[in-house]
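Colleague: Sharing a structure below in C-alpha cells format, with a few things to ask.
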Amino acid sequence: MLTTGLLVQNYTIAVPKYSASQAHIQCPINKMSNHANDNNSDAIKTMKLYADVDRIKTELTSRGMLTQTPIDPLVLSEIDSMHYLGNAAIEEAVVAMGLTSSSNVLDVGSGFGGPARILSSLTKCHVVALELQRDIHDLGAELTRRCNLSDSVEHANGDILDDRIVEQLGDGSSFDGIVSYLVFLHIPNKCSVLDVCGKLLKPNGTLFVEDFYRISPFSKLELESLAKDVFCKDLPTREEYIQQLELSGFKNIQFIDMTAEWTQYVTKRLEQFIANKPSYVKVHGEGVYSGLREFYAAIYTLFSGGNLGGVRIVAQMM
C-alpha cells in the first residue's frame, strides 16, 4: 500500500486532544522530487503481504466470483482488505471525517482499493485511490470496475511525495478528507508526507490515519524485522508524531492508541490462519501460505514485544 512513483491517472480523469511543544523536533526543508522517498515498488516486495498479488484472483476463483459482475464491495472486502479490524475501521473514518455524498476523499496507499470502495459505498462520496505498486494498483482498478464503482472511485498509480502530486490531483485544497491505513509507516520522513497532505486538504479538512509508532526503543532483532518484514524504519514516538503533525499545520489532533486492540487482532489472525492451513494450502499452495504465515508471525511478535504501538490519528488542517 505504499505510494511512491510517478502519478498516472488511470481513468479520464471524544478522545483527548494532545498538544506538544515543538522545541524537540524540526522538520527539514521539504524539497520533493520524483524520487523524494527512497522506497520503491520493487524494494517493498520484501513484505510477504505484497509478494503474491495473484492470491486475490485465486481466492475469487475458489469462491466462484472470478467472472461475477457486479461484485458486492462488502463481500469483496473479506478478501481484499490489508488493514486491521475490517470495515469497522472504515466506518470510524466516515464518522470522524463527516463524509457525505458531496465529499471528495484521497486514500493514500489504497492497496487493492477495498477501503476506497467501502467509503464510497457507505456515503456515495468520490474517492481518489492512490497506490504505488503497479500490480496492486492495476488489480484494484479492475476490482472497482467489477463492482460498478468506477464513477465514484478513481484509481491513480503514483507517489505521494512526488513534487507533481499536488498539480496532478488538483491545485491544492482539493480534498475534504484524506485517509491512509498502515501506509505512513513505510515513509521515514513523516514531515514530508504530512506536508503534502496539508497542501491537498481543504481548510478544516480531516486527516484520518492508522499507523505504527514507537512506544519504547526497539531491540536489534525488532529493528531487523521492521526493516525486512514490514519495510519500516524510523518510527516516531507519540510525542514526536504529534509535533510533526503540528509543524505541518494540523490542529485538533487526536492520538488514539490502538495497541491493545491491534495486538488482539494480529494474535487472532495468526491463530486462525494456522488453524485454517489445510483449506488455505488447498486453494493457494504451500508457498503462498508460508509467506503470509511468516508475515503474520512477524507482526504478532513485534506487537507482543511491547515496543511497537498502533495509533489512529484524526486531525484537522488549519
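The chains in the C-alpha cells are called A, B, ... from first to last as shown; in each chain the residues are counted from 1, and the ligands are counted from 1 in the order shown.
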Using only C-alpha atoms, what does the table of stretch 118-190 of chain A residues within 7 Å of stretch 209-213 of chain A look like, with each row giving the shortest atom pair and its distance in Å to one decimal, sorted by chain and ascending number, as CSV?

Modeller:
residue,atom,partner,partner_atom,distance
A:Val179,CA,A:Val209,CA,5.6
A:Ser180,CA,A:Val209,CA,4.8
A:Tyr181,CA,A:Glu210,CA,4.9
A:Leu182,CA,A:Asp211,CA,4.8
A:Val183,CA,A:Asp211,CA,6.8
A:Phe184,CA,A:Asp211,CA,6.3
A:Leu185,CA,A:Phe212,CA,5.9

Colleague: Excluding same-chain residues fewer than 6 positions from A:Thr58, what lies within 9 Å of it counting only C-alpha atoms, as a ChimeraX atom specification?

Modeller: /A:66,283-284

Colleague: Could the residues in this selection be written to a file with all heavy atoms, as an mmCIF file, in the first residue's frame?

Modeller:
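Output contents, as saved in result_6.cif:
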data_model
loop_
_atom_site.group_PDB
_atom_site.id
_atom_site.type_symbol
_atom_site.label_atom_id
_atom_site.label_comp_id
_atom_site.auth_asym_id
_atom_site.auth_seq_id
_atom_site.Cartn_x
_atom_site.Cartn_y
_atom_site.Cartn_z
ATOM 1 N N LEU A 66 -14.783 -15.075 -9.797
ATOM 2 C CA LEU A 66 -13.786 -14.504 -10.692
ATOM 3 C C LEU A 66 -14.403 -13.745 -11.854
ATOM 4 O O LEU A 66 -13.918 -12.687 -12.250
ATOM 5 C CB LEU A 66 -12.841 -15.597 -11.221
ATOM 6 C CG LEU A 66 -11.699 -15.091 -12.097
ATOM 7 C CD1 LEU A 66 -10.785 -14.176 -11.296
ATOM 8 C CD2 LEU A 66 -10.902 -16.261 -12.679
ATOM 9 N N VAL A 283 -6.187 -24.203 -1.728
ATOM 10 C CA VAL A 283 -6.552 -23.189 -2.718
ATOM 11 C C VAL A 283 -5.333 -22.462 -3.256
ATOM 12 O O VAL A 283 -5.191 -22.260 -4.467
ATOM 13 C CB VAL A 283 -7.537 -22.170 -2.101
ATOM 14 C CG1 VAL A 283 -7.779 -21.009 -3.067
ATOM 15 C CG2 VAL A 283 -8.843 -22.849 -1.745
ATOM 16 N N HIS A 284 -4.415 -22.066 -2.370
ATOM 17 C CA HIS A 284 -3.334 -21.154 -2.745
ATOM 18 C C HIS A 284 -1.963 -21.810 -2.869
ATOM 19 O O HIS A 284 -1.061 -21.217 -3.465
ATOM 20 C CB HIS A 284 -3.254 -20.018 -1.725
ATOM 21 C CG HIS A 284 -4.466 -19.153 -1.678
ATOM 22 N ND1 HIS A 284 -4.658 -18.093 -2.534
ATOM 23 C CD2 HIS A 284 -5.560 -19.193 -0.880
ATOM 24 C CE1 HIS A 284 -5.813 -17.509 -2.261
ATOM 25 N NE2 HIS A 284 -6.381 -18.155 -1.266
#

Colleague: With only C-alpha atoms as the basis for distance, which of A:Leu221, A:Val105, A:Val288, A:Leu245 is at the shortest distance from A:Lys124?

Modeller: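 Looking only at the distances to A:Lys124, the closest residue turns out to be A:Val105.
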
Colleague: Identify all residues of stretch 73-107 of chain A in alpha helix (DSSP H) (DSSP on the backbone) and supply them as a list in words.

Modeller: Pro73, Leu74, Val75, Leu76, Ser77, Glu78, Ile79, Asp80, Gly86, Asn87, Ala88, Ala89, Ile90, Glu91, Glu92, Ala93, Val94, Val95, Ala96 and Met97 of chain A

Colleague: How about saving the chosen residues, all heavy atoms kept, as a compact mmCIF listing (two decimals), in the first residue's frame?

Modeller:
# COMPACT_ATOMS: atom_id res chain seq x y z
N PRO A 73 -19.09 -4.93 -3.04
CA PRO A 73 -17.85 -4.50 -2.38
C PRO A 73 -17.74 -4.93 -0.93
O PRO A 73 -16.63 -5.11 -0.41
CB PRO A 73 -17.89 -2.97 -2.51
CG PRO A 73 -19.31 -2.63 -2.77
CD PRO A 73 -19.88 -3.79 -3.53
N LEU A 74 -18.87 -5.11 -0.26
CA LEU A 74 -18.83 -5.59 1.12
C LEU A 74 -18.36 -7.03 1.19
O LEU A 74 -17.62 -7.41 2.10
CB LEU A 74 -20.21 -5.44 1.76
CG LEU A 74 -20.67 -4.00 2.02
CD1 LEU A 74 -22.12 -3.99 2.50
CD2 LEU A 74 -19.77 -3.32 3.05
N VAL A 75 -18.80 -7.85 0.24
CA VAL A 75 -18.32 -9.24 0.17
C VAL A 75 -16.85 -9.26 -0.23
O VAL A 75 -16.04 -10.00 0.35
CB VAL A 75 -19.17 -10.05 -0.83
CG1 VAL A 75 -18.59 -11.46 -0.99
CG2 VAL A 75 -20.62 -10.13 -0.36
N LEU A 76 -16.50 -8.44 -1.20
CA LEU A 76 -15.11 -8.37 -1.66
C LEU A 76 -14.16 -7.95 -0.55
O LEU A 76 -13.01 -8.38 -0.51
CB LEU A 76 -15.02 -7.39 -2.84
CG LEU A 76 -13.66 -7.26 -3.52
CD1 LEU A 76 -13.18 -8.59 -4.07
CD2 LEU A 76 -13.74 -6.22 -4.65
N SER A 77 -14.63 -7.13 0.37
CA SER A 77 -13.78 -6.64 1.45
C SER A 77 -13.28 -7.75 2.36
O SER A 77 -12.28 -7.59 3.07
CB SER A 77 -14.51 -5.57 2.27
OG SER A 77 -15.58 -6.14 3.01
N GLU A 78 -13.95 -8.89 2.34
CA GLU A 78 -13.49 -10.04 3.11
C GLU A 78 -12.20 -10.61 2.53
O GLU A 78 -11.47 -11.34 3.20
CB GLU A 78 -14.55 -11.13 3.13
CG GLU A 78 -15.88 -10.70 3.75
CD GLU A 78 -16.97 -11.75 3.57
OE1 GLU A 78 -16.64 -12.84 3.03
OE2 GLU A 78 -18.12 -11.50 3.95
N ILE A 79 -11.91 -10.24 1.27
CA ILE A 79 -10.77 -10.79 0.56
C ILE A 79 -9.66 -9.76 0.38
O ILE A 79 -8.47 -10.08 0.51
CB ILE A 79 -11.20 -11.30 -0.84
CG1 ILE A 79 -12.29 -12.37 -0.70
CG2 ILE A 79 -10.01 -11.83 -1.63
CD1 ILE A 79 -12.92 -12.76 -2.02
N ASP A 80 -10.03 -8.52 0.10
CA ASP A 80 -9.03 -7.55 -0.37
C ASP A 80 -8.51 -6.60 0.71
O ASP A 80 -7.65 -5.76 0.44
CB ASP A 80 -9.59 -6.72 -1.53
CG ASP A 80 -10.79 -5.85 -1.14
OD1 ASP A 80 -11.10 -5.75 0.06
OD2 ASP A 80 -11.41 -5.29 -2.05
N GLY A 86 -11.14 -4.68 9.90
CA GLY A 86 -12.13 -4.75 8.83
C GLY A 86 -12.85 -3.46 8.55
O GLY A 86 -12.31 -2.35 8.69
N ASN A 87 -14.12 -3.58 8.17
CA ASN A 87 -14.90 -2.41 7.76
C ASN A 87 -15.25 -1.49 8.93
O ASN A 87 -15.61 -0.33 8.72
CB ASN A 87 -16.17 -2.85 7.05
CG ASN A 87 -15.89 -3.47 5.70
OD1 ASN A 87 -14.84 -3.22 5.10
ND2 ASN A 87 -16.81 -4.29 5.22
N ALA A 88 -15.11 -1.99 10.16
CA ALA A 88 -15.36 -1.12 11.31
C ALA A 88 -14.40 0.05 11.32
O ALA A 88 -14.77 1.18 11.69
CB ALA A 88 -15.22 -1.92 12.61
N ALA A 89 -13.15 -0.18 10.89
CA ALA A 89 -12.17 0.90 10.84
C ALA A 89 -12.54 1.93 9.77
O ALA A 89 -12.25 3.12 9.93
CB ALA A 89 -10.78 0.33 10.55
N ILE A 90 -13.18 1.49 8.71
CA ILE A 90 -13.61 2.41 7.65
C ILE A 90 -14.83 3.19 8.11
O ILE A 90 -14.95 4.40 7.84
CB ILE A 90 -13.90 1.62 6.36
CG1 ILE A 90 -12.64 0.85 5.94
CG2 ILE A 90 -14.34 2.57 5.24
CD1 ILE A 90 -12.85 -0.09 4.78
N GLU A 91 -15.73 2.53 8.81
CA GLU A 91 -16.89 3.24 9.35
C GLU A 91 -16.47 4.31 10.35
O GLU A 91 -17.08 5.39 10.41
CB GLU A 91 -17.83 2.22 10.02
CG GLU A 91 -18.48 1.27 9.03
CD GLU A 91 -19.15 0.09 9.71
OE1 GLU A 91 -19.08 0.00 10.95
OE2 GLU A 91 -19.75 -0.75 9.00
N GLU A 92 -15.40 4.05 11.10
CA GLU A 92 -14.86 5.06 12.01
C GLU A 92 -14.38 6.29 11.24
O GLU A 92 -14.56 7.43 11.68
CB GLU A 92 -13.72 4.48 12.83
CG GLU A 92 -14.12 3.42 13.83
CD GLU A 92 -14.77 4.01 15.08
OE1 GLU A 92 -14.76 5.25 15.24
OE2 GLU A 92 -15.27 3.22 15.91
N ALA A 93 -13.78 6.05 10.09
CA ALA A 93 -13.29 7.16 9.27
C ALA A 93 -14.45 7.99 8.73
O ALA A 93 -14.38 9.22 8.68
CB ALA A 93 -12.45 6.63 8.11
N VAL A 94 -15.52 7.33 8.32
CA VAL A 94 -16.70 8.03 7.82
C VAL A 94 -17.23 8.99 8.87
O VAL A 94 -17.53 10.16 8.58
CB VAL A 94 -17.80 7.02 7.41
CG1 VAL A 94 -19.11 7.75 7.13
CG2 VAL A 94 -17.36 6.24 6.18
N VAL A 95 -17.33 8.52 10.11
CA VAL A 95 -17.85 9.35 11.19
C VAL A 95 -16.87 10.48 11.52
O VAL A 95 -17.26 11.64 11.65
CB VAL A 95 -18.13 8.49 12.44
CG1 VAL A 95 -18.53 9.37 13.62
CG2 VAL A 95 -19.22 7.47 12.15
N ALA A 96 -15.59 10.14 11.65
CA ALA A 96 -14.59 11.12 12.04
C ALA A 96 -14.47 12.25 11.03
O ALA A 96 -14.25 13.41 11.40
CB ALA A 96 -13.24 10.44 12.24
N MET A 97 -14.61 11.93 9.75
CA MET A 97 -14.45 12.94 8.70
C MET A 97 -15.78 13.58 8.30
O MET A 97 -15.79 14.54 7.54
CB MET A 97 -13.79 12.32 7.47
CG MET A 97 -12.35 11.90 7.72
SD MET A 97 -11.48 11.42 6.19
CE MET A 97 -12.36 9.90 5.80

Colleague: Could you give me, as a list in words, the residues within 9 Å of A:Thr301, counting only C-alpha atoms and dropping anything in the same chain fewer than 5 positions from it?

Modeller: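 Once the adjacent positions are removed, what remains is Glu222, Thr267 and Tyr296 of chain A.
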